[in-house]
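Reviewing the structure listed below.
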Amino acid sequence: MKRYRICFFMLVVAVFAFLSGGFFYTAKAEREQERLQQEALRKQEEEQERKEQQLQKQLLSEYEKMAKEAAALNPSASSESTGQGEYYLVEENGFLLVFNRDRTTLCLHTHMPLSEFPEEEQAKLMKGIWFSSMLEVFNYLESFTS
């Protein structure tokens, strides 16, 4: 009878050791999988950030190109003569638009909602803000979106 008790005790110890080993193995595997998921998420966020920066650079270069083209088309206009700038940034239908000096020629539709700006700036933008160059317009917009 003593032999059976020892065998039963050894069996219980073996089962306990097997179960605890399995528990620790699965816990380790879960931690590793969670770490891999976090790393993949971090890489995805970095990639998204990189793409956004590239897009901003591309848009800025396109805006600068458009500004140069606009300046080449109308080199004789002087902003000092009227006290107003060349470009008029104003809100229409909840989005910001850039008009030329005549206030009718649309130069740029920014696709930026007015709601992204602080209350003080929203009031100014609803009235309209004059800028002497397209680069100043872009710098202004970038200062509130960065």
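Residues in the structure tokens are numbered from 1 in each chain, the chains being A, B, ... in the order shown, and ligands are numbered from 1 in the order shown.
For A:Phe117, the residues within 12 Å (counting only C-alpha atoms, excluding itself and residues fewer than 2 positions away along the chain) are A:Glu91, A:Gly94, A:Phe95, A:Leu96, A:Met112, A:Pro113, A:Leu114, A:Ser115, A:Glu119, A:Glu120, A:Glu121, A:Gln122, A:Ala123, A:Lys124, A:Leu125, A:Met126, A:Tyr140, A:Leu141, A:Glu142, A:Ser143, A:Phe144, A:Thr145, A:Ser146.
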Those residues you just picked out, can you put them in a file as a compact mmCIF listing (two decimals), in the first residue's frame with N, CA and C atoms?
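What ended up in out29.txt:
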# COMPACT_ATOMS: atom_id res chain seq x y z
N GLU A 91 -12.97 82.56 -44.47
CA GLU A 91 -13.79 81.36 -44.26
C GLU A 91 -15.03 81.45 -45.13
N GLY A 94 -17.55 77.07 -43.81
CA GLY A 94 -16.84 76.30 -42.79
C GLY A 94 -15.43 75.93 -43.17
N PHE A 95 -14.95 76.28 -44.37
CA PHE A 95 -13.59 75.96 -44.79
C PHE A 95 -12.86 77.23 -45.17
N LEU A 96 -11.52 77.16 -45.15
CA LEU A 96 -10.71 78.33 -45.48
C LEU A 96 -10.37 78.34 -46.96
N MET A 112 -9.27 73.03 -45.05
CA MET A 112 -9.07 73.09 -43.61
C MET A 112 -10.34 73.65 -42.98
N PRO A 113 -10.95 72.89 -42.06
CA PRO A 113 -12.16 73.41 -41.42
C PRO A 113 -11.83 74.53 -40.43
N LEU A 114 -12.71 75.48 -40.34
CA LEU A 114 -12.53 76.61 -39.43
C LEU A 114 -12.49 76.15 -37.98
N SER A 115 -13.14 75.03 -37.69
CA SER A 115 -13.24 74.54 -36.32
C SER A 115 -11.89 74.11 -35.75
N GLU A 119 -10.77 80.23 -31.03
CA GLU A 119 -11.91 81.14 -31.16
C GLU A 119 -11.49 82.52 -31.71
N GLU A 120 -10.39 83.07 -31.18
CA GLU A 120 -9.94 84.39 -31.63
C GLU A 120 -9.62 84.38 -33.12
N GLU A 121 -8.93 83.33 -33.55
CA GLU A 121 -8.56 83.23 -34.96
C GLU A 121 -9.77 82.98 -35.83
N GLN A 122 -10.75 82.27 -35.31
CA GLN A 122 -11.96 82.02 -36.08
C GLN A 122 -12.66 83.34 -36.40
N ALA A 123 -12.69 84.23 -35.42
CA ALA A 123 -13.33 85.53 -35.64
C ALA A 123 -12.57 86.32 -36.71
N LYS A 124 -11.23 86.31 -36.65
CA LYS A 124 -10.43 87.01 -37.65
C LYS A 124 -10.64 86.40 -39.03
N LEU A 125 -10.68 85.08 -39.09
CA LEU A 125 -10.81 84.40 -40.38
C LEU A 125 -12.19 84.61 -40.99
N MET A 126 -13.20 84.77 -40.17
CA MET A 126 -14.53 85.02 -40.71
C MET A 126 -14.58 86.40 -41.38
N TYR A 140 1.18 80.88 -41.93
CA TYR A 140 0.09 81.11 -40.99
C TYR A 140 -0.70 79.82 -40.75
N LEU A 141 -1.07 79.15 -41.84
CA LEU A 141 -1.85 77.93 -41.71
C LEU A 141 -1.06 76.83 -41.00
N GLU A 142 0.23 76.76 -41.30
CA GLU A 142 1.06 75.73 -40.67
C GLU A 142 1.22 75.98 -39.19
N SER A 143 1.23 77.24 -38.78
CA SER A 143 1.41 77.54 -37.36
C SER A 143 0.22 77.05 -36.53
N PHE A 144 -0.93 76.87 -37.15
CA PHE A 144 -2.10 76.39 -36.41
C PHE A 144 -2.36 74.90 -36.63
N THR A 145 -1.71 74.29 -37.60
CA THR A 145 -1.96 72.87 -37.85
C THR A 145 -0.85 71.98 -37.35
N SER A 146 0.29 72.53 -37.01
CA SER A 146 1.42 71.70 -36.56
C SER A 146 1.33 71.40 -35.10
Check: Do you know which residues are at most 10 Å from A:Trp130 counting only C-alpha atoms, after dropping those on the same chain fewer than 3 positions away, and could you put them as a PyMOL selection string?
Finding: chain A and resi 79+83-90+98-101+125+133+136-137
Next item on the list: Just the strand (DSSP E or B) stuff from stretch 17-119 of chain A, please, per backbone DSSP, written as a ChimeraX atom specification.
Entry: /A:87-92,95-99,106-113
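Interatomic distance, atom CA of A:Leu55 to atom CA of A:Leu135: 17.0 Å.
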Check: Excluding same-chain residues fewer than 6 positions from A:Ser61, what lies within 12 Å of it counting only C-alpha atoms, as a list of chain:residue names?
Finding: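 Contacts, with the query itself left out: A:Gln54, A:Leu55, A:Ala67, A:Lys68, A:Met134, A:Leu135, A:Phe138.
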Margin query: DSSP on the backbone, helix (DSSP H, G or I) only: what residues of stretch 34-110 of chain A does that give? Format it as JSON, numbers by chain.
Written below: {"A": [34, 35, 36, 37, 38, 39, 40, 41, 42, 43, 44, 45, 46, 47, 48, 49, 50, 51, 52, 53, 54, 55, 56, 57, 58, 59, 60, 61, 62, 63, 64, 65, 66, 67, 68, 69, 70, 71, 72, 73, 79, 80, 81, 82]}
Item checked: Point-to-point distance in Å for atom CA of A:Asn139 and atom CA of A:Cys107 -> 16.0 Å
Next item on the list: Kindly give the distance, in Å, that separates atom CA of A:Leu60 and atom CA of A:Leu97, rounded to a single decimal.
Entry: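 For atom CA of A:Leu60 relative to atom CA of A:Leu97, the distance reads 16.0 Å.
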